[in-house]
$ cat entry10.cif   # mmCIF, C-alpha atoms and all ligand atoms
data_run
loop_
_atom_site.label_atom_id
_atom_site.label_comp_id
_atom_site.auth_asym_id
_atom_site.auth_seq_id
_atom_site.Cartn_x
_atom_site.Cartn_y
_atom_site.Cartn_z
CA MET S 1 1.15 -5.37 8.13
CA THR S 2 0.33 -3.71 4.80
CA PRO S 3 -2.48 -1.19 5.33
CA ALA S 4 -5.74 -2.13 3.61
CA SER S 5 -7.34 1.32 3.66
CA ARG S 6 -6.45 5.01 3.68
CA GLU S 7 -7.40 5.13 7.38
CA GLU S 8 -5.03 2.29 8.21
CA ALA S 9 -2.31 4.06 6.26
CA SER S 10 -2.89 7.24 8.30
CA THR S 11 -2.71 5.26 11.53
CA LEU S 12 0.68 3.90 10.50
CA ASP S 13 1.87 7.45 9.75
CA ASP S 14 0.79 8.56 13.22
CA LYS S 15 2.95 5.88 14.80
CA ASP S 16 5.94 6.28 12.47
CA PRO S 17 9.12 7.55 14.22
CA LEU S 18 10.57 8.59 10.84
CA ALA S 19 7.59 10.83 10.02
CA ARG S 20 9.22 13.82 11.71
CA TYR S 21 11.85 14.09 8.96
CA LYS S 22 9.32 15.19 6.34
CA ALA S 23 9.27 18.71 7.79
CA GLN S 24 13.01 18.96 7.16
CA PHE S 25 12.46 18.87 3.38
CA ASP S 26 11.36 21.71 1.17
CA LEU S 27 8.87 19.90 -1.04
CA PRO S 28 6.30 21.79 -3.12
CA GLU S 29 2.83 21.75 -1.55
CA GLY S 30 0.62 18.92 -2.78
CA VAL S 31 3.34 16.96 -4.56
CA ILE S 32 3.76 13.26 -3.85
CA TYR S 33 7.36 12.72 -4.82
CA LEU S 34 8.12 9.12 -5.81
CA ASP S 35 11.43 9.94 -7.48
CA GLY S 36 13.81 10.39 -4.56
CA ASN S 37 15.61 7.33 -5.95
CA SER S 38 16.53 9.40 -9.02
CA LEU S 39 16.92 12.91 -7.62
CA GLY S 40 16.38 13.42 -3.91
CA PRO S 41 14.53 16.65 -2.95
CA PRO S 42 16.32 19.45 -1.10
CA PRO S 43 16.53 19.37 2.67
CA LYS S 44 15.93 22.90 4.01
CA THR S 45 19.37 22.99 5.61
CA THR S 46 20.92 22.16 2.23
CA LEU S 47 19.25 25.13 0.57
CA ALA S 48 20.50 27.37 3.39
CA ARG S 49 23.99 25.94 3.02
CA ILE S 50 24.04 26.57 -0.74
CA GLN S 51 23.17 30.18 0.01
CA SER S 52 25.78 30.60 2.72
CA THR S 53 28.51 28.85 0.74
CA GLY S 54 27.90 31.33 -2.05
CA GLU S 55 27.38 34.47 -0.07
CA VAL S 56 29.50 34.03 3.03
CA GLU S 57 32.25 31.62 2.03
CA TRP S 58 32.74 32.48 -1.65
CA ARG S 59 31.73 36.13 -1.77
CA GLY S 60 32.98 37.00 1.72
CA GLY S 61 35.87 34.62 2.27
CA LEU S 62 37.07 34.43 -1.33
CA ILE S 63 40.09 32.17 -1.74
CA LYS S 64 40.69 32.12 2.02
CA SER S 65 37.70 29.76 2.32
CA TRP S 66 39.75 26.88 0.92
CA ASN S 67 41.35 26.83 4.38
CA ASP S 68 39.00 28.80 6.62
CA ALA S 69 35.74 27.12 5.55
CA GLY S 70 37.33 23.69 5.17
CA TRP S 71 36.67 23.50 1.44
CA ILE S 72 39.86 21.54 0.77
CA ASP S 73 38.75 18.77 3.13
CA LEU S 74 35.15 18.49 1.90
CA PRO S 75 35.80 15.38 -0.24
CA LYS S 76 37.00 13.60 2.91
CA THR S 77 34.42 15.19 5.23
CA CYS S 78 31.59 14.00 3.00
CA GLY S 79 33.30 10.64 2.50
CA ALA S 80 33.42 10.03 6.25
CA LYS S 81 29.67 10.71 6.53
CA ILE S 82 28.92 8.30 3.68
CA ALA S 83 31.25 5.66 5.15
CA ARG S 84 28.92 5.27 8.12
CA LEU S 85 26.02 4.51 5.78
CA ILE S 86 27.79 1.70 3.93
CA GLY S 87 29.78 -0.02 6.65
CA ALA S 88 33.16 1.42 5.68
CA ARG S 89 35.77 3.14 7.85
CA GLU S 90 35.80 6.93 7.86
CA ASP S 91 39.05 7.16 5.91
CA GLU S 92 37.99 4.70 3.22
CA VAL S 93 35.56 6.88 1.27
CA ILE S 94 36.06 10.14 -0.60
CA VAL S 95 33.71 12.14 -2.76
CA ALA S 96 34.90 12.97 -6.27
CA ASP S 97 33.80 13.04 -9.88
CA SER S 98 30.86 10.96 -11.13
CA VAL S 99 30.00 7.28 -10.71
CA SER S 100 31.10 6.69 -14.30
CA VAL S 101 34.54 8.27 -13.76
CA ASN S 102 34.98 6.49 -10.44
CA ILE S 103 34.24 3.11 -12.03
CA PHE S 104 36.87 3.91 -14.65
CA LYS S 105 39.49 4.84 -12.06
CA LEU S 106 38.90 1.76 -9.90
CA ALA S 107 38.54 -0.73 -12.76
CA ALA S 108 41.61 0.64 -14.54
CA ALA S 109 43.66 0.44 -11.35
CA LEU S 110 42.56 -3.16 -10.81
CA CYS S 111 43.25 -4.05 -14.45
CA ALA S 112 46.79 -2.75 -14.07
CA GLN S 113 47.29 -5.07 -11.09
CA ALA S 114 46.29 -8.37 -12.66
CA PRO S 115 45.40 -9.82 -16.05
CA GLY S 116 41.94 -11.12 -16.90
CA ALA S 117 38.53 -10.06 -18.14
CA ILE S 118 36.40 -7.17 -16.99
CA ALA S 119 32.82 -8.28 -16.55
CA TYR S 120 29.33 -6.91 -16.00
CA HIS S 121 25.73 -8.04 -16.33
CA THR S 122 24.05 -7.10 -19.61
CA ASP S 123 21.16 -5.45 -17.75
CA GLU S 124 23.39 -3.35 -15.52
CA PHE S 125 22.90 0.43 -15.50
CA PRO S 126 24.27 1.28 -18.98
CA THR S 127 27.09 3.61 -17.98
CA ASP S 128 28.76 0.82 -16.00
CA GLY S 129 29.00 -1.29 -19.15
CA TYR S 130 29.91 1.66 -21.37
CA ILE S 131 32.85 2.54 -19.13
CA LEU S 132 34.08 -1.05 -19.16
CA GLN S 133 33.74 -1.16 -22.96
CA GLY S 134 35.93 1.94 -23.16
CA LEU S 135 38.43 0.48 -20.73
CA SER S 136 38.57 -2.76 -22.68
CA ASN S 137 39.28 -0.80 -25.88
CA LEU S 138 42.01 1.14 -24.12
CA THR S 139 43.76 -1.71 -22.32
CA GLY S 140 42.92 -4.75 -24.42
CA ALA S 141 41.46 -6.50 -21.35
CA PRO S 142 38.77 -8.90 -22.58
CA LEU S 143 35.20 -7.82 -21.91
CA MET S 144 32.79 -10.39 -20.51
CA ARG S 145 29.03 -9.83 -20.51
CA LEU S 146 27.17 -11.94 -17.95
CA ALA S 147 23.56 -12.94 -18.53
CA MET S 148 20.98 -10.92 -16.62
CA ASP S 149 20.19 -13.78 -14.29
CA ALA S 150 23.76 -15.10 -13.86
CA GLY S 151 24.43 -15.83 -10.19
CA HIS S 152 27.70 -15.74 -8.32
CA ASP S 153 28.70 -19.14 -9.70
CA ALA S 154 29.26 -17.26 -13.00
CA ILE S 155 32.46 -15.87 -11.51
CA ASN S 156 35.36 -17.91 -12.85
CA SER S 157 39.11 -17.62 -13.00
CA ASP S 158 38.95 -15.75 -16.34
CA ILE S 159 37.44 -12.73 -14.57
CA ASN S 160 39.68 -10.13 -13.01
CA VAL S 161 37.15 -7.37 -12.29
CA LEU S 162 33.35 -7.46 -12.03
CA VAL S 163 31.22 -4.33 -11.76
CA LYS S 164 27.88 -5.04 -10.12
CA SER S 165 25.03 -3.08 -8.57
CA VAL S 166 23.98 -3.73 -4.99
CA VAL S 167 20.41 -2.63 -5.83
CA HIS S 168 19.33 -3.08 -9.45
CA TYR S 169 18.22 0.18 -11.01
CA LYS S 170 15.09 -1.28 -12.55
CA THR S 171 13.98 -4.17 -10.36
CA ALA S 172 15.45 -3.06 -6.99
CA ALA S 173 16.63 -6.65 -6.42
CA VAL S 174 19.36 -6.66 -3.76
CA ALA S 175 22.58 -8.58 -4.37
CA ASP S 176 23.98 -10.85 -1.67
CA ILE S 177 27.29 -9.00 -1.37
CA ALA S 178 28.93 -11.58 0.90
CA ALA S 179 28.07 -14.51 -1.41
CA TRP S 180 29.44 -12.71 -4.48
CA GLU S 181 32.57 -11.69 -2.59
CA GLN S 182 33.14 -15.28 -1.51
CA ALA S 183 32.92 -16.47 -5.12
CA ALA S 184 35.23 -13.64 -6.18
CA ALA S 185 37.78 -14.51 -3.49
CA GLN S 186 37.86 -18.14 -4.65
CA ASN S 187 38.76 -16.91 -8.15
CA GLN S 188 41.09 -14.03 -7.22
CA ALA S 189 38.62 -11.60 -8.77
CA ALA S 190 37.71 -8.12 -7.52
CA ILE S 191 34.19 -6.70 -7.41
CA ILE S 192 33.43 -3.00 -7.76
CA TRP S 193 30.02 -2.48 -6.20
CA ASP S 194 27.76 0.19 -7.64
CA LEU S 195 25.96 1.49 -4.56
CA SER S 196 24.03 4.23 -6.38
CA HIS S 197 20.57 2.85 -5.56
CA ALA S 198 21.65 1.44 -2.21
CA ALA S 199 23.45 4.14 -0.21
CA GLY S 200 21.16 5.89 2.24
CA ILE S 201 18.28 3.46 1.81
CA ILE S 202 19.39 -0.09 2.62
CA ASP S 203 21.49 -1.43 5.43
CA ILE S 204 24.90 -2.32 4.00
CA ASP S 205 28.07 -3.41 5.75
CA MET S 206 30.82 -3.50 3.16
CA HIS S 207 33.42 -4.68 5.66
CA ALA S 208 31.32 -7.44 7.14
CA ALA S 209 30.55 -8.70 3.62
CA GLY S 210 34.22 -8.65 2.62
CA ALA S 211 33.66 -5.97 -0.05
CA ARG S 212 36.72 -3.87 -0.87
CA TYR S 213 35.59 -1.51 -3.62
CA GLY S 214 32.50 0.56 -4.30
CA VAL S 215 31.15 3.65 -6.01
CA GLY S 216 27.84 5.47 -5.73
CA CYS S 217 26.11 8.73 -6.46
CA GLY S 218 25.20 11.60 -4.17
CA TYR S 219 22.03 12.82 -5.85
CA LYS S 220 19.60 9.94 -5.19
CA PHE S 221 18.72 8.86 -1.66
CA LEU S 222 21.52 11.02 -0.23
CA ASN S 223 19.68 14.15 -1.44
CA GLY S 224 22.90 15.95 -2.43
CA GLY S 225 21.33 17.86 -5.35
CA PRO S 226 21.27 17.61 -9.14
CA GLY S 227 24.65 16.41 -10.42
CA ALA S 228 25.99 16.01 -6.87
CA PRO S 229 29.45 14.45 -6.95
CA ALA S 230 29.84 10.72 -6.46
CA PHE S 231 31.74 8.70 -3.88
CA ILE S 232 34.37 6.03 -4.08
CA TYR S 233 35.09 3.41 -1.44
CA ALA S 234 38.31 1.43 -1.30
CA GLU S 235 39.27 -0.69 1.68
CA ARG S 236 42.30 0.89 3.37
CA HIS S 237 44.92 -1.80 2.62
CA ALA S 238 43.66 -2.58 -0.87
CA ALA S 239 43.54 1.15 -1.75
CA ALA S 240 47.17 1.62 -0.80
CA THR S 241 48.20 -0.91 -3.47
CA LEU S 242 46.25 0.67 -6.34
CA ASN S 243 47.59 3.09 -8.94
CA GLN S 244 44.69 4.90 -10.50
CA PRO S 245 45.33 6.30 -13.98
CA LEU S 246 43.79 9.77 -13.53
CA SER S 247 46.72 10.82 -11.39
CA GLY S 248 45.74 14.45 -10.92
CA TRP S 249 47.17 16.81 -8.37
CA MET S 250 44.33 16.43 -5.86
CA GLY S 251 45.23 12.76 -5.48
CA HIS S 252 48.87 13.64 -4.83
CA ALA S 253 50.31 13.05 -1.37
CA ALA S 254 51.16 16.77 -1.10
CA PRO S 255 49.38 18.80 -3.79
CA PHE S 256 50.74 22.14 -2.60
CA ASP S 257 54.36 21.01 -2.77
CA PHE S 258 53.96 21.36 -6.55
CA ALA S 259 56.50 18.59 -6.96
CA PRO S 260 57.42 17.62 -10.54
CA ASP S 261 56.51 13.96 -10.05
CA TYR S 262 53.33 12.29 -8.96
CA ALA S 263 53.30 10.53 -5.60
CA PRO S 264 49.92 9.10 -4.59
CA ALA S 265 48.18 10.12 -1.40
CA PRO S 266 47.66 7.34 1.12
CA ALA S 267 44.72 5.01 0.53
CA VAL S 268 41.45 6.24 -0.96
CA GLU S 269 42.49 9.94 -1.21
CA ARG S 270 44.60 8.96 -4.22
CA PHE S 271 41.36 8.52 -6.16
CA ALA S 272 40.79 12.29 -6.16
CA CYS S 273 41.83 13.95 -9.40
CA GLY S 274 41.16 17.66 -9.98
CA THR S 275 39.77 20.63 -8.03
CA PRO S 276 36.62 19.57 -6.14
CA PRO S 277 33.26 21.25 -6.99
CA ILE S 278 32.76 23.14 -3.73
CA LEU S 279 29.22 24.43 -4.34
CA SER S 280 27.98 20.89 -4.97
CA LEU S 281 30.07 19.37 -2.21
CA SER S 282 28.72 21.87 0.32
CA ALA S 283 25.17 20.93 -0.63
CA LEU S 284 25.95 17.23 -0.28
CA ASP S 285 27.74 17.80 3.02
CA ALA S 286 24.68 19.52 4.50
CA ALA S 287 22.31 16.87 3.13
CA LEU S 288 24.38 14.08 4.69
CA ASP S 289 23.98 15.59 8.15
CA MET S 290 20.38 14.44 8.19
CA PHE S 291 21.60 10.83 8.30
CA ALA S 292 23.76 11.36 11.39
CA ASP S 293 21.19 9.98 13.83
CA ILE S 294 19.21 7.74 11.49
CA ASP S 295 19.12 3.98 11.82
CA ILE S 296 19.51 2.73 8.25
CA ALA S 297 17.86 -0.60 9.08
CA ALA S 298 14.74 1.35 10.07
CA LEU S 299 14.88 3.26 6.78
CA GLU S 300 15.13 0.04 4.82
CA ALA S 301 12.25 -1.51 6.74
CA LYS S 302 9.96 1.48 6.12
CA ALA S 303 10.92 1.71 2.42
CA LYS S 304 10.04 -1.96 2.13
CA MET S 305 6.63 -1.48 3.73
CA LEU S 306 5.86 1.52 1.52
CA GLY S 307 6.88 -0.53 -1.53
CA ASP S 308 4.80 -3.52 -0.37
CA LEU S 309 1.78 -1.26 -0.01
CA PHE S 310 2.23 0.19 -3.49
CA LEU S 311 2.77 -3.24 -5.05
CA ALA S 312 -0.35 -4.62 -3.37
CA ARG S 313 -2.39 -1.79 -4.92
CA CYS S 314 -0.70 -2.31 -8.32
CA SER S 315 -1.46 -6.02 -8.20
CA ALA S 316 -5.15 -5.23 -7.60
CA LEU S 317 -4.97 -3.10 -10.77
CA GLY S 318 -3.59 -6.05 -12.73
CA LEU S 319 -0.14 -4.47 -13.16
CA GLU S 320 2.80 -6.85 -13.33
CA SER S 321 5.71 -6.08 -11.01
CA ILE S 322 9.30 -6.90 -11.98
CA SER S 323 10.49 -6.15 -8.46
CA PRO S 324 11.12 -8.58 -5.60
CA ALA S 325 7.98 -9.83 -3.86
CA PRO S 326 7.14 -8.74 -0.31
CA SER S 327 8.82 -11.84 1.11
CA GLN S 328 12.17 -10.86 -0.45
CA ARG S 329 14.67 -8.11 0.23
CA ARG S 330 14.17 -5.07 -1.97
CA GLY S 331 15.74 -1.63 -2.44
CA GLY S 332 13.82 1.61 -2.16
CA HIS S 333 11.91 1.49 -5.43
CA VAL S 334 9.63 -0.77 -7.46
CA SER S 335 8.93 -1.07 -11.18
CA VAL S 336 5.69 -2.21 -12.76
CA ARG S 337 4.98 -2.97 -16.40
CA PHE S 338 2.44 -1.21 -18.59
CA GLU S 339 2.62 -0.91 -22.35
CA HIS S 340 1.82 2.81 -22.21
CA GLY S 341 3.84 3.39 -19.06
CA TYR S 342 5.38 6.60 -20.40
CA GLU S 343 1.98 8.18 -20.92
CA VAL S 344 0.70 7.01 -17.53
CA VAL S 345 3.72 8.50 -15.76
CA GLN S 346 3.16 11.81 -17.57
CA ALA S 347 -0.49 11.80 -16.49
CA LEU S 348 0.56 11.08 -12.89
CA ILE S 349 3.04 13.96 -13.01
CA ALA S 350 0.27 16.25 -14.27
CA HIS S 351 -1.56 15.32 -11.04
CA GLU S 352 1.53 16.03 -8.91
CA VAL S 353 2.42 12.37 -8.38
CA ILE S 354 6.00 12.19 -9.64
CA GLY S 355 7.60 8.92 -10.69
CA ASP S 356 9.69 8.02 -13.72
CA PHE S 357 9.71 5.78 -16.76
CA ARG S 358 12.37 3.33 -17.88
CA GLN S 359 12.43 1.68 -21.27
CA PRO S 360 10.71 -0.25 -22.63
CA ASP S 361 7.54 -0.26 -20.51
CA LEU S 362 8.47 0.29 -16.88
CA MET S 363 6.87 2.74 -14.49
CA ARG S 364 9.33 3.18 -11.64
CA PHE S 365 8.42 4.57 -8.23
CA GLY S 366 10.76 5.34 -5.35
CA PHE S 367 9.85 5.34 -1.67
CA SER S 368 12.20 7.58 0.29
CA PRO S 369 11.06 6.96 3.88
CA LEU S 370 12.32 10.33 5.09
CA PHE S 371 9.65 12.39 3.37
CA LEU S 372 6.97 9.88 2.34
CA GLY S 373 4.28 8.42 4.51
CA TYR S 374 1.90 5.50 4.07
CA ARG S 375 -1.00 7.79 3.21
CA ASP S 376 1.08 9.49 0.49
CA VAL S 377 1.70 6.10 -1.08
CA TRP S 378 -1.96 5.15 -0.72
CA ASP S 379 -3.00 8.38 -2.45
CA ALA S 380 -0.43 7.92 -5.22
CA ALA S 381 -1.76 4.43 -5.90
CA SER S 382 -5.32 5.78 -5.95
CA MET S 383 -4.28 8.36 -8.54
CA LEU S 384 -2.69 5.62 -10.62
CA ALA S 385 -5.90 3.58 -10.37
CA ASN S 386 -7.93 6.58 -11.49
CA ILE S 387 -5.70 7.32 -14.49
CA LEU S 388 -5.88 3.69 -15.63
CA GLU S 389 -9.62 3.41 -15.05
CA THR S 390 -10.52 6.63 -16.87
CA GLU S 391 -7.81 6.06 -19.49
CA GLU S 392 -6.77 9.64 -19.00
CA TRP S 393 -3.28 8.59 -20.12
CA ARG S 394 -4.63 8.48 -23.71
CA THR S 395 -4.74 12.31 -23.75
CA ALA S 396 -2.45 13.30 -26.65
CA LYS S 397 -0.14 15.61 -24.67
CA TYR S 398 1.05 12.73 -22.47
CA SER S 399 2.71 10.94 -25.36
CA ALA S 400 5.13 13.79 -26.21
CA ARG S 401 8.53 12.44 -25.21
CA SER S 402 10.91 14.65 -23.23
CA LYS S 403 14.69 14.17 -23.27
CA VAL S 404 14.75 13.01 -19.65
CA THR S 405 12.20 10.34 -18.82
C1 LIG P 501 23.21 2.30 -10.82
C2 LIG P 501 23.71 3.56 -11.44
N1 LIG P 501 25.00 3.67 -11.78
C3 LIG P 501 25.49 4.80 -12.35
C4 LIG P 501 24.68 5.88 -12.60
C5 LIG P 501 25.22 7.10 -13.28
O1 LIG P 501 26.13 7.76 -12.50
P1 LIG P 501 26.90 9.07 -12.99
O2 LIG P 501 25.96 9.86 -13.85
O3 LIG P 501 27.25 9.77 -11.70
O4 LIG P 501 28.10 8.65 -13.73
C6 LIG P 501 23.32 5.81 -12.25
C7 LIG P 501 22.43 6.96 -12.54
O5 LIG P 501 21.26 6.98 -12.36
C8 LIG P 501 22.84 4.62 -11.68
O6 LIG P 501 21.54 4.51 -11.36
#
$ encode --input "entry10.cif" --output "C-alpha cells" --more "lines below"
Ligand SMILES: Cc1ncc(COP(=O)(O)O)c(C=O)c1O
Amino acid sequence: MTPASREEASTLDDKDPLARYKAQFDLPEGVIYLDGNSLGPPPKTTLARIQSTGEVEWRGGLIKSWNDAGWIDLPKTCGAKIARLIGAREDEVIVADSVSVNIFKLAAALCAQAPGAIAYHTDEFPTDGYILQGLSNLTGAPLMRLAMDAGHDAINSDINVLVKSVVHYKTAAVADIAAWEQAAAQNQAAIIWDLSHAAGIIDIDMHAAGARYGVGCGYKFLNGGPGAPAFIYAERHAAATLNQPLSGWMGHAAPFDFAPDYAPAPAVERFACGTPPILSLSALDAALDMFADIDIAALEAKAKMLGDLFLARCSALGLESISPAPSQRRGGHVSVRFEHGYEVVQALIAHEVIGDFRQPDLMRFGFSPLFLGYRDVWDAASMLANILETEEWRTAKYSARSKVT
C-alpha cells in the first residue's frame, strides 16, 4: 500500500528489512539522494578498500600485488559477483572497459559472424546508437533505426544484431526479455542487452529468458564509483564462437606467454582487451560484496513502492509522468515532465534533494532501496511541492546550465 502520510511512510521504514543497509553507505548528512541510478554513493567498505588498495597493495606490495592481491583476476572476480545479479553463470561475465566499448566489441563480433543490419531504437541511450553508427561506417553493415514504440514484432530477417535496454534510461519501462529473445530466435537475430539501468535493481534471469549477450555499467545501482568499469555477459557456448575485434593481450588465452600470435581466451574472458584499471576494479569489487546476501526481487519490489509513492505525490502536483504506472513493471527510477525541469532540479539540489534532468523537460529521480526509505521519498516530494508552489525555481541562479545535468 502506498503511504498516504509522512507517518505512514515512517511506519513502513520501521518494518523494512532493507532499511539496515543505509548505515553501510557514507552519505552526507541531510542529503536525500535520488540519483543512485546515475552514480551510486560510496559504501563505507568501498572507501576503505580504495584506501587499502592504494596504501597496502600498491604502495606496499608494488608489482607483486598483481599476483599476491589477486589484481590480475579482478575482472573475473567482479564478473562472477555481477553474474549472480543477472542470472548468468559465474564464468560468463567479466568486467572491462566501458559500456560503449563493450557494445562495440560484442556487436562487431556478431557482425563478423553473420550478415544483416544492426538495429536500435531511436530513443535508446545515445551512446548505444552512436557506437552502432560507427560500426556501420566501419563494416558497411546496414543500420536500422526502430521507432521508439516498436515492439518485438519489429524484428525481421533483415536484422542481424539488435542493441536494446532492459530498463529504459528515461522512462524506466522494462523490456520483456524472453519475448524479444523469442522473436530474435525466429529470425536468427542476436540481441545485446544494455543492463545499465537494470543490474542491481531489478530481478533478471538472462538464462531463463534465453538471453545470450549483455553489457552494463558499474557506477549506477552497483555503486562501483565514478567511471567504474563496465561488464560484459556472453553465454558460455556463444562466447566461445565469437571473435572480438579488440584482440588485446588481456583477452589472450595466455597473456604472459608473450606469443607472437593472438589466441583467444576461452569464452567471455576473450572480451578483455588491455590492462585492467585496478583502483576502479577494487572499488567495484568491494561495492559488489554488499549484494552477496540481498534478494534482488525484494530490492525491485521496494524500488517500485518508493517510485509509486513519488509518482502519487507528483500526480497530486499535476506533473505528468512518462514512466510505467503502478500496475506495470518499472525499473528503479521515474521521470516526470515540467517545462522548467532543469531549474526545478537545481532548486531541489540547493535543498539537498538530488535528482537529475534529461532533455528536453524531464526531471528524473532514482530510488535505490539500499539507502532510501519511504520517509526520505515523502520528504523529497514535499520539497518538490514547495519549490513548485513558491516558484522558487524562477530564481535566476537555477537557470545557469552546467556541463553535466
Ligand atoms: C543505458 C545506458 N547505456 C550506456 C551508458 C553509457 O555507458 P558508458 O559511459 O560506460 O559507455 C549509460 C550511461 O548513463 C546508460 O544509461
$ closest_atom_pairs --input "entry10.cif" --of "chain S" --to "ligand LIG 501 (chain P)" --cutoff "9 Å" --atoms "all atoms listed in the file" --output "JSON lines"
{"residue": "S:Asn37", "atom": "CA", "partner": "P:LIG501", "partner_atom": "O6", "distance": 8.5}
{"residue": "S:Ser38", "atom": "CA", "partner": "P:LIG501", "partner_atom": "O5", "distance": 6.3}
{"residue": "S:Leu39", "atom": "CA", "partner": "P:LIG501", "partner_atom": "O5", "distance": 8.7}
{"residue": "S:Asp97", "atom": "CA", "partner": "P:LIG501", "partner_atom": "O3", "distance": 7.5}
{"residue": "S:Ser98", "atom": "CA", "partner": "P:LIG501", "partner_atom": "O3", "distance": 3.8}
{"residue": "S:Val99", "atom": "CA", "partner": "P:LIG501", "partner_atom": "O4", "distance": 3.8}
{"residue": "S:Ser100", "atom": "CA", "partner": "P:LIG501", "partner_atom": "O4", "distance": 3.6}
{"residue": "S:Val101", "atom": "CA", "partner": "P:LIG501", "partner_atom": "O4", "distance": 6.5}
{"residue": "S:Asn102", "atom": "CA", "partner": "P:LIG501", "partner_atom": "O4", "distance": 7.9}
{"residue": "S:Ile103", "atom": "CA", "partner": "P:LIG501", "partner_atom": "O4", "distance": 8.4}
{"residue": "S:Glu124", "atom": "CA", "partner": "P:LIG501", "partner_atom": "C1", "distance": 7.4}
{"residue": "S:Phe125", "atom": "CA", "partner": "P:LIG501", "partner_atom": "C1", "distance": 5.0}
{"residue": "S:Pro126", "atom": "CA", "partner": "P:LIG501", "partner_atom": "C3", "distance": 7.6}
{"residue": "S:Thr127", "atom": "CA", "partner": "P:LIG501", "partner_atom": "C3", "distance": 6.0}
{"residue": "S:Asp128", "atom": "CA", "partner": "P:LIG501", "partner_atom": "C3", "distance": 6.3}
{"residue": "S:Lys164", "atom": "CA", "partner": "P:LIG501", "partner_atom": "C1", "distance": 8.7}
{"residue": "S:Ser165", "atom": "CA", "partner": "P:LIG501", "partner_atom": "C1", "distance": 6.1}
{"residue": "S:Val166", "atom": "CA", "partner": "P:LIG501", "partner_atom": "C1", "distance": 8.4}
{"residue": "S:Val167", "atom": "CA", "partner": "P:LIG501", "partner_atom": "C1", "distance": 7.6}
{"residue": "S:His168", "atom": "CA", "partner": "P:LIG501", "partner_atom": "C1", "distance": 6.8}
{"residue": "S:Tyr169", "atom": "CA", "partner": "P:LIG501", "partner_atom": "C1", "distance": 5.4}
{"residue": "S:Lys170", "atom": "CA", "partner": "P:LIG501", "partner_atom": "O6", "distance": 8.7}
{"residue": "S:Asp194", "atom": "CA", "partner": "P:LIG501", "partner_atom": "C1", "distance": 5.9}
{"residue": "S:Leu195", "atom": "CA", "partner": "P:LIG501", "partner_atom": "C1", "distance": 6.9}
{"residue": "S:Ser196", "atom": "CA", "partner": "P:LIG501", "partner_atom": "C1", "distance": 4.9}
{"residue": "S:His197", "atom": "CA", "partner": "P:LIG501", "partner_atom": "C1", "distance": 5.9}
{"residue": "S:Ala198", "atom": "CA", "partner": "P:LIG501", "partner_atom": "C1", "distance": 8.8}
{"residue": "S:Val215", "atom": "CA", "partner": "P:LIG501", "partner_atom": "N1", "distance": 8.4}
{"residue": "S:Gly216", "atom": "CA", "partner": "P:LIG501", "partner_atom": "N1", "distance": 6.9}
{"residue": "S:Cys217", "atom": "CA", "partner": "P:LIG501", "partner_atom": "O3", "distance": 5.5}
{"residue": "S:Gly218", "atom": "CA", "partner": "P:LIG501", "partner_atom": "O3", "distance": 8.0}
{"residue": "S:Tyr219", "atom": "CA", "partner": "P:LIG501", "partner_atom": "O3", "distance": 8.4}
{"residue": "S:Lys220", "atom": "CA", "partner": "P:LIG501", "partner_atom": "O5", "distance": 7.9}
{"residue": "S:Gly227", "atom": "CA", "partner": "P:LIG501", "partner_atom": "O3", "distance": 7.2}
{"residue": "S:Ala228", "atom": "CA", "partner": "P:LIG501", "partner_atom": "O3", "distance": 8.0}
{"residue": "S:Pro229", "atom": "CA", "partner": "P:LIG501", "partner_atom": "O3", "distance": 7.0}
{"residue": "S:Ala230", "atom": "CA", "partner": "P:LIG501", "partner_atom": "O3", "distance": 5.9}
$ closest_residue --input "entry10.cif" --among "S:Gly341, S:Ser382, S:Asn137, S:Pro360" --to "Ser399 of chain S" --atoms "all atoms listed in the file"
S:Gly341
$ closest_residue --input "entry10.cif" --among "S:Lys403, S:Gly60, S:Ser157, S:Arg236" --to "Ile94 of chain S" --atoms "only C-alpha atoms"
S:Arg236
$ residues_around --input "entry10.cif" --residues "Val377 of chain S" --least-positions-apart "6" --cutoff "8 Å" --atoms "only C-alpha atoms" --output "list in words"
Ile32, Leu306, Leu309 and Phe310 of chain S
$ residues_around --input "entry10.cif" --residues "segment 179-185 of chain S" --least-positions-apart "6" --cutoff "10 Å" --atoms "all atoms listed in the file" --output "PyMOL selection string"
chain S and resi 151-157+159-162+164+191+209-212
$ closest_residue --input "entry10.cif" --among "S:Thr2, S:Asn187, S:Gln346, S:Gln133" --to "Asp158 of chain S" --atoms "only C-alpha atoms"
S:Asn187
$ residues_near_point --input "entry10.cif" --point "(6.9, 12.6, 4.6)" --cutoff "9 Å" --atoms "only C-alpha atoms" --output "list in words"
Asp13, Leu18, Ala19, Arg20, Tyr21, Lys22, Ala23, Phe25, Ser368, Pro369, Leu370, Phe371, Leu372, Gly373, Tyr374 and Asp376 of chain S
$ residues_around --input "entry10.cif" --residues "Pro324 of chain S" --least-positions-apart "3" --cutoff "12 Å" --atoms "all atoms listed in the file" --output "list of chain:residue names"
S:Val167, S:His168, S:Lys170, S:Thr171, S:Ala172, S:Ala173, S:Val174, S:Ala175, S:Lys304, S:Gly307, S:Asp308, S:Leu311, S:Glu320, S:Ser321, S:Ser327, S:Gln328, S:Arg329, S:Arg330, S:Gly331, S:Gly332, S:His333, S:Val334, S:Ser335, S:Val336
$ atom_distance --input "entry10.cif" --atom1 "atom CA of Ser315 of chain S" --atom2 "atom CA of Glu343 of chain S"
19.4 Å
$ closest_residue --input "entry10.cif" --among "S:Leu388, S:Leu348, S:Ala96, S:Leu362" --to "Gly251 of chain S" --atoms "all atoms listed in the file"
S:Ala96
$ atom_distance --input "entry10.cif" --atom1 "atom CA of Ile278 of chain S" --atom2 "atom CA of Trp71 of chain S"
6.5 Å
$ atom_distance --input "entry10.cif" --atom1 "atom CA of Ala107 of chain S" --atom2 "atom CA of Ile204 of chain S"
21.7 Å
$ closest_residue --input "entry10.cif" --among "S:Thr395, S:Gln359, S:Ser280, S:Asn386" --to "Pro75 of chain S" --atoms "all atoms listed in the file"
S:Ser280
$ residues_near_point --input "entry10.cif" --point "(10.4, 7.1, -22.0)" --cutoff "8 Å" --atoms "all atoms listed in the file" --output "list in words"
Tyr342, Phe357, Arg358, Gln359, Pro360, Arg401, Ser402, Val404 and Thr405 of chain S
$ closest_residue --input "entry10.cif" --among "S:Ile86, S:Leu281, S:Pro226, S:Cys314" --to "Trp193 of chain S" --atoms "only C-alpha atoms"
S:Ile86
